[in-house]
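Asks: Got a file for you: structure04.txt, compact mmCIF, C-alpha atoms.
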# COMPACT_ATOMS: atom_id res chain seq x y z
CA MET A 1 44.17 36.63 240.50
CA ALA A 2 45.13 39.92 242.04
CA ASP A 3 42.85 42.17 244.04
CA PRO A 4 40.74 44.17 241.55
CA TYR A 5 41.61 47.45 243.30
CA THR A 6 45.31 46.67 242.83
CA THR A 7 44.74 45.63 239.22
CA LEU A 8 43.09 48.93 238.38
CA GLY A 9 45.49 50.85 240.65
CA VAL A 10 42.77 52.62 242.62
CA PRO A 11 42.28 52.97 246.40
CA ARG A 12 39.49 50.97 248.05
CA ASP A 13 37.42 54.10 248.56
CA ALA A 14 37.77 55.28 244.95
CA SER A 15 34.66 56.84 243.42
CA GLN A 16 32.87 55.08 240.53
CA ASP A 17 34.16 57.86 238.25
CA ALA A 18 37.74 57.24 239.36
CA ILE A 19 37.30 53.52 238.70
CA ARG A 20 35.88 54.19 235.25
CA ASP A 21 38.73 56.55 234.40
CA ALA A 22 41.33 54.05 235.62
CA TYR A 23 39.74 51.28 233.57
CA ARG A 24 39.59 53.43 230.43
CA LYS A 25 43.21 54.39 230.77
CA LEU A 26 44.34 50.79 231.11
CA ALA A 27 42.01 49.54 228.35
CA LYS A 28 43.51 52.05 225.91
CA GLN A 29 46.98 50.83 226.74
CA HIS A 30 46.40 47.08 226.77
CA HIS A 31 43.50 46.38 224.40
CA PRO A 32 44.57 43.19 222.59
CA ASP A 33 43.33 44.38 219.20
CA LEU A 34 45.65 47.37 219.52
CA ASN A 35 48.52 45.13 220.71
CA PRO A 36 48.31 42.12 218.39
CA GLY A 37 50.82 39.38 219.15
CA ASN A 38 51.57 40.78 222.60
CA ALA A 39 50.51 38.03 225.00
CA LYS A 40 51.36 40.14 228.05
CA ALA A 41 49.00 42.94 226.96
CA GLU A 42 46.29 40.38 226.42
CA GLU A 43 46.71 38.92 229.92
CA THR A 44 46.75 42.37 231.47
CA PHE A 45 43.64 43.38 229.54
CA LYS A 46 41.79 40.27 230.72
CA ALA A 47 42.69 41.03 234.32
CA VAL A 48 41.72 44.68 233.91
CA SER A 49 38.36 43.76 232.33
CA ALA A 50 37.62 41.25 235.07
CA ALA A 51 38.48 43.80 237.78
CA ASN A 52 36.35 46.42 236.04
CA SER A 53 33.38 44.09 235.73
CA ILE A 54 33.38 43.76 239.53
CA LEU A 55 34.16 47.32 240.49
CA SER A 56 32.12 49.15 237.82
CA ASP A 57 28.94 47.61 239.16
CA PRO A 58 28.20 49.11 242.60
CA GLU A 59 26.22 46.03 243.60
CA LYS A 60 28.99 43.57 242.72
CA ARG A 61 31.55 45.91 244.22
CA GLY A 62 29.61 45.93 247.50
CA LYS A 63 29.46 42.11 247.51
CA PHE A 64 33.19 41.94 246.85
CA ASP A 65 33.93 44.45 249.63
CA ARG A 66 31.83 42.39 252.07
CA GLY A 67 33.63 39.22 250.94
CA GLU A 68 30.49 37.71 249.40
CA ILE A 69 32.14 37.11 246.03
CA ASP A 70 35.81 36.59 245.44
CA ASP A 71 37.97 38.15 242.79
CA SER A 72 38.08 34.99 240.67
CA GLY A 73 34.34 34.41 240.67
CA GLN A 74 33.88 36.35 237.49
CA GLU A 75 33.11 34.51 234.35
CA GLN A 76 34.53 36.19 231.33
CA ALA A 77 32.83 35.49 228.04
CA PRO A 78 35.47 34.69 225.41
CA ARG A 79 36.24 37.86 223.51
CA GLU A 80 35.43 37.99 219.84
CA SER A 81 38.69 39.51 218.73
CA TYR A 82 39.27 41.67 215.72
CA ARG A 83 42.94 40.74 215.53
CA GLU A 84 42.30 37.06 214.81
CA HIS A 85 40.35 38.06 211.69
CA ALA A 86 42.58 40.95 210.74
CA GLU A 87 45.83 39.00 210.85
CA GLY A 88 44.52 36.28 208.55
CA GLY A 89 43.37 36.34 204.97
CA PRO A 90 40.03 38.08 205.79
CA GLY A 91 42.04 41.11 206.99
CA ARG A 92 42.83 41.99 203.37
CA ARG A 93 39.31 43.45 203.30
CA TYR A 94 40.66 46.42 205.25
CA SER A 95 44.09 46.51 203.63
CA ARG A 96 45.42 49.96 202.75
CA ALA A 97 46.24 48.55 199.32
CA GLY A 98 42.59 47.64 198.75
CA PRO A 99 40.70 44.39 199.29
CA GLN A 100 41.81 42.88 195.98
CA SER A 101 45.51 43.22 196.69
CA GLY A 102 47.35 39.95 197.03
CA GLY A 103 49.35 41.46 199.85
CA TRP A 104 52.68 41.35 198.08
CA SER A 105 54.26 43.21 195.24
CA ASP A 106 57.80 43.60 194.00
CA ALA A 107 57.89 46.99 195.67
CA ASP A 108 57.10 45.38 199.05
CA PHE A 109 59.98 42.96 198.59
CA GLY A 110 62.24 45.84 197.72
CA ASP A 111 61.16 47.69 200.86
CA ILE A 112 61.56 44.71 203.17
CA PHE A 113 64.90 43.60 201.84
CA ASN A 114 66.30 47.07 201.71
CA SER A 115 65.18 48.25 205.09
CA VAL A 116 64.57 45.23 207.31
CA PHE A 117 67.09 42.76 205.99
CA GLY A 118 69.68 45.25 204.88
CA GLU A 119 70.45 43.32 201.74
CA ARG A 120 71.34 46.41 199.80
CA ARG A 121 71.71 49.49 201.90
CA GLN A 122 71.28 52.56 199.79
CA THR A 123 70.95 55.72 201.71
CA ASP A 124 71.63 58.16 198.91
CA ASP A 125 68.67 60.08 197.59
CA ASP A 126 69.61 59.80 193.96
CA ARG A 127 68.63 56.20 193.53
CA PRO A 128 65.64 55.55 191.34
CA SER A 129 62.42 54.92 193.22
CA HIS A 130 59.15 53.68 191.88
CA GLY A 131 56.22 56.11 192.21
CA ARG A 132 53.48 55.28 194.69
CA ASP A 133 50.18 53.72 193.74
CA GLU A 134 47.33 56.11 194.44
CA HIS A 135 43.83 55.01 195.40
CA TYR A 136 40.57 56.59 194.33
CA VAL A 137 36.92 55.72 194.49
CA LEU A 138 34.52 56.25 191.59
CA SER A 139 30.75 55.89 191.79
CA THR A 140 28.88 54.94 188.67
CA THR A 141 25.36 54.14 187.52
CA PHE A 142 24.28 50.56 186.96
CA LEU A 143 23.98 51.09 183.20
CA ASP A 144 27.41 52.69 182.81
CA ALA A 145 28.94 49.73 184.65
CA VAL A 146 27.07 47.21 182.47
CA ASN A 147 27.57 48.90 179.10
CA GLY A 148 30.89 50.61 179.79
CA ALA A 149 31.49 54.35 179.86
CA THR A 150 34.14 57.01 180.03
CA ARG A 151 34.26 59.21 183.08
CA ARG A 152 36.39 62.14 184.08
CA LEU A 153 37.76 61.96 187.60
CA THR A 154 39.08 65.16 189.18
CA LEU A 155 41.88 64.45 191.65
CA PRO A 156 42.51 66.39 194.85
CA ASP A 157 45.58 67.97 193.25
CA GLY A 158 43.50 69.33 190.37
CA ARG A 159 44.64 66.82 187.76
CA THR A 160 41.91 65.05 185.86
CA LEU A 161 41.94 61.41 184.89
CA GLU A 162 40.03 60.02 181.95
CA VAL A 163 38.71 56.71 183.32
CA THR A 164 37.36 54.06 180.98
CA ILE A 165 34.86 51.87 182.78
CA PRO A 166 34.90 48.65 180.75
CA PRO A 167 31.62 46.87 179.95
CA GLY A 168 30.58 44.39 182.64
CA THR A 169 32.34 46.19 185.51
CA LEU A 170 31.36 44.76 188.89
CA GLU A 171 30.76 46.46 192.24
CA GLY A 172 34.07 46.86 194.06
CA GLN A 173 36.18 46.14 190.96
CA ILE A 174 39.49 47.97 190.84
CA LEU A 175 40.67 49.61 187.65
CA ARG A 176 44.41 50.06 187.35
CA LEU A 177 45.63 52.99 185.28
CA ARG A 178 49.28 52.25 184.75
CA GLY A 179 51.68 55.11 185.26
CA LEU A 180 49.02 57.58 186.45
CA GLY A 181 49.84 57.37 190.16
CA GLY A 182 52.61 59.17 192.03
CA PRO A 183 55.65 60.21 189.96
CA GLY A 184 58.75 58.05 190.03
CA ARG A 185 62.06 59.55 191.07
CA ASN A 186 65.34 59.58 189.21
CA GLY A 187 64.10 57.87 186.09
CA ALA A 188 62.00 55.18 187.79
CA PRO A 189 58.50 54.58 186.46
CA ALA A 190 55.49 56.33 188.00
CA GLY A 191 53.07 54.37 190.21
CA ASP A 192 49.59 53.38 189.14
CA ALA A 193 46.22 54.95 189.86
CA LEU A 194 43.93 52.32 191.39
CA ILE A 195 40.27 53.20 191.08
CA GLU A 196 37.69 51.29 193.06
CA VAL A 197 34.34 51.37 191.29
CA HIS A 198 31.09 51.50 193.20
CA VAL A 199 28.02 50.59 191.18
CA ALA A 200 24.63 52.02 192.18
CA GLU A 201 21.63 49.73 192.15
CA HIS A 202 19.09 50.03 189.32
CA ARG A 203 15.37 50.57 189.70
CA LEU A 204 14.48 47.76 187.28
CA PHE A 205 17.51 45.62 186.55
CA HIS A 206 19.27 43.19 188.83
CA ARG A 207 22.58 41.75 187.78
CA ASP A 208 23.20 38.04 188.14
CA GLY A 209 26.70 37.38 186.76
CA GLN A 210 26.44 37.98 183.03
CA ASP A 211 22.64 37.82 183.11
CA ILE A 212 20.20 40.58 183.97
CA ARG A 213 16.86 39.94 185.67
CA LEU A 214 13.82 42.15 185.72
CA ALA A 215 10.16 41.94 186.69
CA LEU A 216 7.92 42.66 183.68
CA PRO A 217 4.33 43.76 184.36
CA VAL A 218 1.80 42.41 181.81
CA THR A 219 -1.96 42.70 181.53
CA LEU A 220 -4.24 39.74 182.00
CA SER A 221 -5.00 39.56 178.29
CA GLU A 222 -1.30 39.76 177.36
CA ALA A 223 -0.67 36.82 179.68
CA VAL A 224 -3.60 34.72 178.49
CA LEU A 225 -3.70 35.59 174.81
CA GLY A 226 -0.05 36.46 174.25
CA GLY A 227 1.22 39.45 172.30
CA HIS A 228 4.18 41.69 171.72
CA VAL A 229 5.39 43.87 174.57
CA GLU A 230 8.22 46.35 174.85
CA VAL A 231 10.91 45.31 177.35
CA PRO A 232 13.60 47.67 178.66
CA THR A 233 17.10 46.19 178.40
CA PRO A 234 20.49 47.70 179.27
CA GLY A 235 21.00 48.30 175.54
CA GLY A 236 17.59 50.00 175.08
CA PRO A 237 14.01 48.76 174.70
CA VAL A 238 13.32 45.70 172.55
CA SER A 239 10.07 44.06 171.47
CA MET A 240 9.40 40.61 172.93
CA ARG A 241 6.68 38.11 172.11
CA VAL A 242 4.77 36.86 175.14
CA PRO A 243 3.48 33.39 174.20
CA PRO A 244 -0.24 32.71 174.71
CA ARG A 245 -1.17 31.10 178.04
CA ALA A 246 1.80 32.53 179.90
CA ASP A 247 1.37 32.78 183.65
CA SER A 248 2.44 35.17 186.38
CA GLY A 249 5.97 34.13 187.37
CA THR A 250 6.89 32.76 183.94
CA GLU A 251 10.43 33.71 183.05
CA LEU A 252 11.09 34.63 179.43
CA ARG A 253 14.60 34.85 178.10
CA LEU A 254 15.97 37.45 175.71
CA ARG A 255 19.15 35.85 174.49
CA GLY A 256 22.21 38.11 174.42
CA ARG A 257 20.39 41.11 175.96
CA GLY A 258 22.13 40.86 179.35
CA VAL A 259 25.62 42.15 180.11
CA PRO A 260 27.54 42.61 176.81
CA ALA A 261 30.42 40.26 176.00
CA HIS A 262 33.66 41.27 177.69
CA ASP A 263 36.96 39.75 178.82
CA GLY A 264 36.28 36.51 176.98
CA LEU A 265 32.83 36.11 178.52
CA ALA A 266 29.92 35.70 176.13
CA ALA A 267 27.08 38.22 176.33
CA GLY A 268 24.56 37.29 179.05
CA ASP A 269 20.82 36.97 178.70
CA LEU A 270 17.96 39.05 180.04
CA TYR A 271 15.34 37.19 182.04
CA ALA A 272 11.96 38.90 182.26
CA LYS A 273 9.68 37.45 184.93
CA LEU A 274 6.04 38.09 184.10
CA ASN A 275 3.95 39.81 186.70
CA VAL A 276 0.26 39.93 185.84
CA VAL A 277 -1.31 43.29 186.76
CA LEU A 278 -5.10 43.47 186.89
CA GLY A 279 -5.34 47.26 187.10
CA ALA A 280 -8.49 49.20 187.84
CA PRO A 281 -11.74 47.29 188.61
CA ASP A 282 -13.59 46.23 185.44
CA GLU A 283 -17.27 45.35 185.68
CA ALA A 284 -17.32 43.26 182.52
CA LEU A 285 -14.44 41.12 183.81
CA GLU A 286 -16.13 40.69 187.18
CA GLU A 287 -19.37 39.72 185.48
CA PHE A 288 -17.53 37.23 183.29
CA LEU A 289 -15.72 35.64 186.25
CA ARG A 290 -18.94 35.29 188.23
CA ASN A 291 -20.44 33.20 185.46
CA TRP A 292 -17.27 31.43 184.46
CA LYS A 293 -17.14 27.69 184.95
CA PRO A 294 -13.54 26.65 184.22
CA LYS A 295 -13.25 23.53 182.05
CA ASN A 296 -10.20 22.41 184.05
CA PRO A 297 -10.54 23.82 187.59
CA ILE A 298 -7.23 24.11 189.40
CA ASP A 299 -6.13 24.42 193.00
CA PRO A 300 -3.12 26.76 192.80
CA ARG A 301 -2.22 26.16 196.46
CA ARG A 302 -2.08 22.38 196.23
CA THR A 303 1.72 22.23 196.25
CA MET A 304 1.85 24.35 199.40
CA ARG A 305 0.15 21.61 201.40
CA GLU A 306 2.34 18.78 200.13
CA GLN A 307 5.05 17.88 202.60
CA PRO A 308 8.39 17.15 200.98
CA MET B 1 26.37 36.12 205.54
CA ILE B 2 25.09 38.28 208.39
CA GLY B 3 22.44 40.98 208.01
CA ILE B 4 22.52 44.40 209.67
CA ASP B 5 19.73 43.51 212.14
CA VAL B 6 21.73 40.54 213.43
CA VAL B 7 24.80 42.72 213.91
CA ILE B 8 22.82 45.31 215.87
CA ALA B 9 21.25 42.60 218.02
CA GLU B 10 24.59 40.91 218.61
CA ILE B 11 26.62 43.94 219.68
CA SER B 12 25.04 45.39 222.79
CA GLY B 13 25.02 49.16 222.85
CA LEU B 14 25.33 49.50 219.07
CA LYS B 15 22.76 51.82 217.47
CA ARG B 16 21.68 51.35 213.89
CA GLN B 17 22.34 54.98 212.98
CA ASP B 18 25.91 54.69 214.31
CA LEU B 19 26.61 51.56 212.29
CA GLU B 20 25.08 53.10 209.18
CA ARG B 21 27.27 56.18 209.58
CA TRP B 22 30.37 54.01 210.04
CA ILE B 23 29.47 52.16 206.85
CA SER B 24 29.03 55.41 204.92
CA ASN B 25 32.39 56.57 206.34
CA ALA B 26 33.84 53.26 205.03
CA TRP B 27 35.09 52.40 208.53
CA VAL B 28 33.09 49.17 208.25
CA ARG B 29 32.76 47.70 204.78
CA PRO B 30 30.13 44.97 204.51
CA ASP B 31 29.23 43.58 201.09
CA LYS B 32 26.12 44.93 199.46
CA SER B 33 23.63 42.31 198.42
CA ALA B 34 20.16 42.55 196.93
CA GLY B 35 18.60 42.34 200.40
CA GLY B 36 20.83 45.01 201.99
CA TYR B 37 24.21 44.68 203.68
CA ALA B 38 25.95 41.35 204.14
CA PHE B 39 28.50 41.33 206.96
CA ARG B 40 31.36 38.92 207.40
CA GLU B 41 32.77 37.99 210.78
CA ILE B 42 35.62 40.47 210.42
CA ASP B 43 33.11 43.28 209.79
CA VAL B 44 31.20 42.40 212.97
CA ALA B 45 34.42 42.24 215.01
CA ARG B 46 35.52 45.58 213.56
CA ALA B 47 32.19 47.23 214.41
CA ARG B 48 32.54 45.93 217.96
CA LEU B 49 36.09 47.24 218.20
CA ILE B 50 35.03 50.68 216.92
CA LEU B 51 32.24 50.79 219.50
CA GLU B 52 34.69 49.86 222.28
CA MET B 53 37.18 52.46 221.17
CA ARG B 54 34.51 55.14 221.04
CA ASP B 55 32.56 54.31 224.21
CA GLU B 56 35.07 52.61 226.54
CA MET B 57 38.26 54.31 225.43
CA GLN B 58 36.53 57.59 224.63
CA ILE B 59 38.21 58.05 221.29
CA SER B 60 35.92 60.54 219.60
CA GLU B 61 34.62 59.84 216.11
CA ASP B 62 36.72 62.79 214.90
CA ALA B 63 39.87 60.98 216.01
CA LEU B 64 38.81 57.46 215.01
CA PRO B 65 39.91 57.69 211.34
CA VAL B 66 43.48 58.26 212.47
CA VAL B 67 43.34 55.28 214.81
CA LEU B 68 41.81 53.06 212.12
CA LEU B 69 44.37 54.21 209.56
CA LEU B 70 47.22 53.24 211.86
CA LEU B 71 45.51 50.01 212.87
CA ASP B 72 45.00 48.98 209.24
CA GLN B 73 48.63 49.68 208.51
CA LEU B 74 49.68 47.66 211.57
CA TYR B 75 47.65 44.66 210.42
CA ASP B 76 48.90 45.00 206.85
CA LEU B 77 52.43 44.77 208.17
CA ARG B 78 51.61 41.86 210.45
CA ARG B 79 50.06 39.94 207.58
CA GLN B 80 53.15 40.61 205.49
CA MET B 81 55.45 39.51 208.28
CA ARG B 82 53.41 36.35 208.72
CA ASP B 83 53.58 35.61 204.99
CA LEU B 84 57.29 36.29 205.00
CA ASN B 85 57.76 34.04 207.98
CA ASN B 86 55.85 31.22 206.32
CA ALA B 87 57.83 31.69 203.12
CA PHE B 88 61.08 31.51 205.08
CA LEU B 89 60.00 28.33 206.81
CA GLN B 90 59.19 26.72 203.48
CA VAL B 91 61.95 28.03 201.25
CA VAL B 92 64.98 28.70 203.42
CA PRO B 93 67.01 25.72 204.71
CA ARG B 94 67.19 25.27 208.45
CA ASP B 95 70.89 26.14 208.81
CA VAL B 96 70.40 29.40 206.90
CA ARG B 97 67.47 30.30 209.16
CA GLN B 98 69.62 29.64 212.21
CA ASP B 99 72.42 31.80 210.78
CA LEU B 100 69.90 34.54 210.08
CA ALA B 101 68.45 34.35 213.59
CA ALA B 102 71.94 34.46 215.10
CA HIS B 103 72.87 37.42 212.90
CA LEU B 104 69.72 39.33 213.83
CA ALA B 105 70.32 38.59 217.50
CA THR B 106 73.84 40.01 217.42
CA HIS B 107 73.40 42.89 214.99
CA THR B 108 70.16 44.50 216.00
CA ARG B 109 70.83 45.36 219.60
Reformat the file's structure so that it appears as structure tokens.

Replies:
Amino acid sequence: MADPYTTLGVPRDASQDAIRDAYRKLAKQHHPDLNPGNAKAEETFKAVSAANSILSDPEKRGKFDRGEIDDSGQEQAPRESYREHAEGGPGRRYSRAGPQSGGWSDADFGDIFNSVFGERRQTDDDRPSHGRDEHYVLSTTFLDAVNGATRRLTLPDGRTLEVTIPPGTLEGQILRLRGLGGPGRNGAPAGDALIEVHVAEHRLFHRDGQDIRLALPVTLSEAVLGGHVEVPTPGGPVSMRVPPRADSGTELRLRGRGVPAHDGLAAGDLYAKLNVVLGAPDEALEEFLRNWKPKNPIDPRRTMREQP
Amino acid sequence: MIGIDVVIAEISGLKRQDLERWISNAWVRPDKSAGGYAFREIDVARARLILEMRDEMQISEDALPVVLLLLDQLYDLRRQMRDLNNAFLQVVPRDVRQDLAAHLATHTR
């Protein structure tokens, strides 16, 4: 390995600031994530980082100057590199075409074969060209995404798009509005508008595929004696029978009250998990409990002590 | 899946408020799960790269979107080239590949 002063291109009496500036300049040029596939840049960057790790630390620099450590004595932790992720399949997450894109379309092939491989060189401007796809982001409420809704999206150029959010739309889903992207030229079709939907969380409902889950507070007497309670669902409140002797944590199912049927999927169910709420102190209840001798005493924490 | 606390602990020098701002700028795009953000390895590596660019290379946060835009385009192209390369290796007979390589070598100088 070369002398770290040579690697960074600074004189031996360079100030710490000069060393830092030299390192920054070289790091910008040779950072491997900014030079993917360039093995030379990667080697240079490693050498520059190693030199910097000695010279940026006045203590280590002093030891090096006095010959107490040598220039190869530096251990470099392996770098977690962005490029290794970004060049593979996971890199689609940050694709300009959106995370759902498969990476290839007919238009890409056209571009590559026309420009890179020169299969059909057409330089004239009067050839038809497909309009560009345009990308937008639309935020929506949980209920609009579950039940479906129509929203008006105003574009930067002043146009408005009528966007139909279909029932059962998921966070991150991309809606394609054919022909509503950039205009095509010379008779070619327009591109598409691609709208990425972001779904806000809901105070009560949690989505679990086609099903919806919610925590349902009930009183002690509703849990023990049963009764009818009103349950909010994405389609509006419905009445549900709580069976007698239900317990906190019991999950009751309302069939078909989850996410409505869509795209060949049957309607999901709504699961209400009972949560017994005792409410304000009640002297009669306390008096009753003090004198209460259960017929079948239980130890609710027994299972916690059992080792699997 | 990796939570936001793990990411902050793993990347030295990264402040929570910075990472949260980068997420709201959509520079880093973790999944959202019921318990908060869920990062994948690529998200962690990207956060680390953004921190290096800002702190070591002194690319200000005003300029970072331009750098990220170009970087994302670069990696899009590299993925496409890789796919194309793999497709060529699988679909195109060896002699045609050799002809193509020879043609590129002589006609692109």

Asks: Just the number, please: distance in Å from CA of Asp157 in chain A to CA of Phe142 in chain A, one decimal.

Replies: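 Interatomic distance here is 28.2 Å.
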
Asks: Hey, which bits of range 137-227 of chain A sit within 6 Å of range 235-249 of chain A, and for each residue what's the closest pair of atoms and how far apart in Å (one decimal), counting all atoms listed in the file, rows by chain and increasing number, as JSON lines?

Replies:
{"residue": "A:Ala223", "atom": "CA", "partner": "A:Ala246", "partner_atom": "CA", "distance": 5.0}
{"residue": "A:Val224", "atom": "CA", "partner": "A:Arg245", "partner_atom": "CA", "distance": 4.4}
{"residue": "A:Leu225", "atom": "CA", "partner": "A:Pro244", "partner_atom": "CA", "distance": 4.5}
{"residue": "A:Gly226", "atom": "CA", "partner": "A:Pro244", "partner_atom": "CA", "distance": 3.8}
{"residue": "A:Gly227", "atom": "CA", "partner": "A:Val242", "partner_atom": "CA", "distance": 5.2}

Asks: Residues of chain A that have any atom at most 9 Å from an atom of chain B: could you tabulate them with the shortest-distance atom pair and the distance in Å to one decimal, using only C-alpha atoms, ordered by chain and increasing number, as a tab-separated table?

Replies:
residue	atom	partner	partner_atom	distance
A:Arg20	CA	B:Glu56	CA	8.9
A:Tyr23	CA	B:Glu56	CA	8.5
A:Arg24	CA	B:Met57	CA	5.2
A:Lys25	CA	B:Met57	CA	7.3
A:Ala27	CA	B:Met57	CA	6.7
A:Lys28	CA	B:Met57	CA	5.7
A:Asp33	CA	B:Leu49	CA	7.8
A:Leu34	CA	B:Leu71	CA	7.2
A:Pro36	CA	B:Tyr75	CA	8.4
A:Glu80	CA	B:Ala45	CA	6.5
A:Ser81	CA	B:Ala45	CA	6.3
A:Tyr82	CA	B:Ala45	CA	4.9
A:Arg83	CA	B:Tyr75	CA	8.0
A:Glu84	CA	B:Ile42	CA	8.7
A:His85	CA	B:Ile42	CA	5.5
A:Ala86	CA	B:Tyr75	CA	6.3
A:Glu87	CA	B:Arg79	CA	5.4
A:Gly88	CA	B:Arg79	CA	6.7
A:Gly89	CA	B:Arg79	CA	8.0
A:Pro90	CA	B:Ile42	CA	6.8
A:Gly91	CA	B:Ile42	CA	7.3
A:Arg92	CA	B:Asp76	CA	7.6
A:Arg93	CA	B:Arg29	CA	7.9
A:Tyr94	CA	B:Asp72	CA	6.4
A:Ser95	CA	B:Asp76	CA	6.0
A:Arg96	CA	B:Asp72	CA	6.6
A:Ala97	CA	B:Asp76	CA	8.7
A:Gly103	CA	B:Gln80	CA	6.9
A:Trp104	CA	B:Gln80	CA	7.5
A:Asp108	CA	B:Gln80	CA	8.9
A:Phe117	CA	B:Leu104	CA	9.0
A:Glu171	CA	B:Lys32	CA	8.7
A:Glu201	CA	B:Ala34	CA	8.7
A:His206	CA	B:Ala34	CA	8.2

Asks: Grab the CA of Ala272 in chain A to CA of Pro167 in chain A distance for me, in Å with one decimal place.

Replies: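 Here the two named atoms are 21.3 Å from each other.
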
Asks: If I take CA of Pro65 in chain B and CA of Gly3 in chain B, how far is one from the other in Å, to one decimal?

Replies: 24.4 Å

Asks: From the set A:Pro189, A:Pro166, A:Leu26, A:Leu270, which residue has the shortest atom-to-atom contact distance to Thr7 in chain A, counting all atoms listed in the file?

Replies: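 Smallest separation from Thr7 in chain A among the options: A:Leu26.
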
Asks: Fewer than 5 positions away in the same chain doesn't count, so skip those; otherwise give me all residues within 8 Å of range 190-196 of chain A, counting all atoms listed in the file, as a ChimeraX atom specification.

Replies: /A:130-138,172-185

Asks: If the box runs along x, y and z of the file and leaves 5 Å on each side of range 242-249 of chain A, what are its centre and edge lengths in Å, one decimal, as AutoDock Vina command-line options?

Replies:
--center_x 2.4 --center_y 34.0 --center_z 180.8 --size_x 17.1 --size_y 15.8 --size_z 23.2

Asks: Within 8 Å of Ile54 in chain A, counting only C-alpha atoms, which residues qualify if same-chain residues fewer than 2 places away don't, as a VMD selection string?

Replies: chain A and resid 4 50 to 52 56 to 57 60 to 61 64 71 74

Asks: Between A:Asp144, A:Glu162, A:Glu230, A:Glu287, which has the minimum distance to Val259 in chain A (counting only C-alpha atoms)?

Replies: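 Among A:Asp144, A:Glu162, A:Glu230, A:Glu287, it is A:Asp144 that comes nearest to Val259 in chain A.
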
Asks: Need the neighbours of (44.6, 43.3, 228.3): which residues are at most 7 Å away, counting all atoms listed in the file, as a short mmCIF file (atom, residue, chain, number, x, y, z; two decimals) with C-alpha atoms, in the coordinates of the input?

Replies:
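out_17.cif, written as the output of this step:
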data_model
loop_
_atom_site.label_atom_id
_atom_site.label_comp_id
_atom_site.auth_asym_id
_atom_site.auth_seq_id
_atom_site.Cartn_x
_atom_site.Cartn_y
_atom_site.Cartn_z
CA ALA A 27 42.01 49.54 228.35
CA HIS A 30 46.40 47.08 226.77
CA HIS A 31 43.50 46.38 224.40
CA PRO A 32 44.57 43.19 222.59
CA ALA A 41 49.00 42.94 226.96
CA GLU A 42 46.29 40.38 226.42
CA GLU A 43 46.71 38.92 229.92
CA THR A 44 46.75 42.37 231.47
CA PHE A 45 43.64 43.38 229.54
CA LYS A 46 41.79 40.27 230.72
CA ALA A 47 42.69 41.03 234.32
CA VAL A 48 41.72 44.68 233.91
#

Asks: List the neighbours of Ala145 in chain A out to 7 Å using all atoms listed in the file; skip same-chain residues closer than 5 positions along the sequence, and give me the result as a short mmCIF file (atom, residue, chain, number, x, y, z; two decimals) with C-alpha atoms, in the frame of the given file.

Replies:
data_model
loop_
_atom_site.label_atom_id
_atom_site.label_comp_id
_atom_site.auth_asym_id
_atom_site.auth_seq_id
_atom_site.Cartn_x
_atom_site.Cartn_y
_atom_site.Cartn_z
CA THR A 140 28.88 54.94 188.67
CA ILE A 165 34.86 51.87 182.78
CA PRO A 167 31.62 46.87 179.95
CA GLY A 168 30.58 44.39 182.64
CA THR A 169 32.34 46.19 185.51
CA LEU A 170 31.36 44.76 188.89
CA VAL A 199 28.02 50.59 191.18
#

Asks: Can you fill out range 60-69 of chain B with N, CA and C atoms and hand it back as a short mmCIF file (atom, residue, chain, number, x, y, z; two decimals), keeping the file's coordinate frame?

Replies:
data_model
loop_
_atom_site.label_atom_id
_atom_site.label_comp_id
_atom_site.auth_asym_id
_atom_site.auth_seq_id
_atom_site.Cartn_x
_atom_site.Cartn_y
_atom_site.Cartn_z
N SER B 60 37.07 59.92 220.25
CA SER B 60 35.92 60.54 219.60
C SER B 60 35.90 60.13 218.13
N GLU B 61 34.73 60.25 217.52
CA GLU B 61 34.62 59.84 216.11
C GLU B 61 35.48 60.73 215.21
N ASP B 62 35.80 61.95 215.69
CA ASP B 62 36.72 62.79 214.90
C ASP B 62 38.11 62.17 214.84
N ALA B 63 38.51 61.53 215.94
CA ALA B 63 39.87 60.98 216.01
C ALA B 63 39.95 59.56 215.48
N LEU B 64 38.80 58.88 215.39
CA LEU B 64 38.81 57.46 215.01
C LEU B 64 39.46 57.17 213.66
N PRO B 65 39.26 58.02 212.62
CA PRO B 65 39.91 57.69 211.34
C PRO B 65 41.42 57.54 211.46
N VAL B 66 42.03 58.36 212.30
CA VAL B 66 43.48 58.26 212.47
C VAL B 66 43.84 56.92 213.10
N VAL B 67 43.07 56.55 214.12
CA VAL B 67 43.34 55.28 214.81
C VAL B 67 43.16 54.12 213.84
N LEU B 68 42.08 54.16 213.06
CA LEU B 68 41.81 53.06 212.12
C LEU B 68 42.88 52.99 211.04
N LEU B 69 43.31 54.17 210.59
CA LEU B 69 44.37 54.21 209.56
C LEU B 69 45.63 53.52 210.07
#
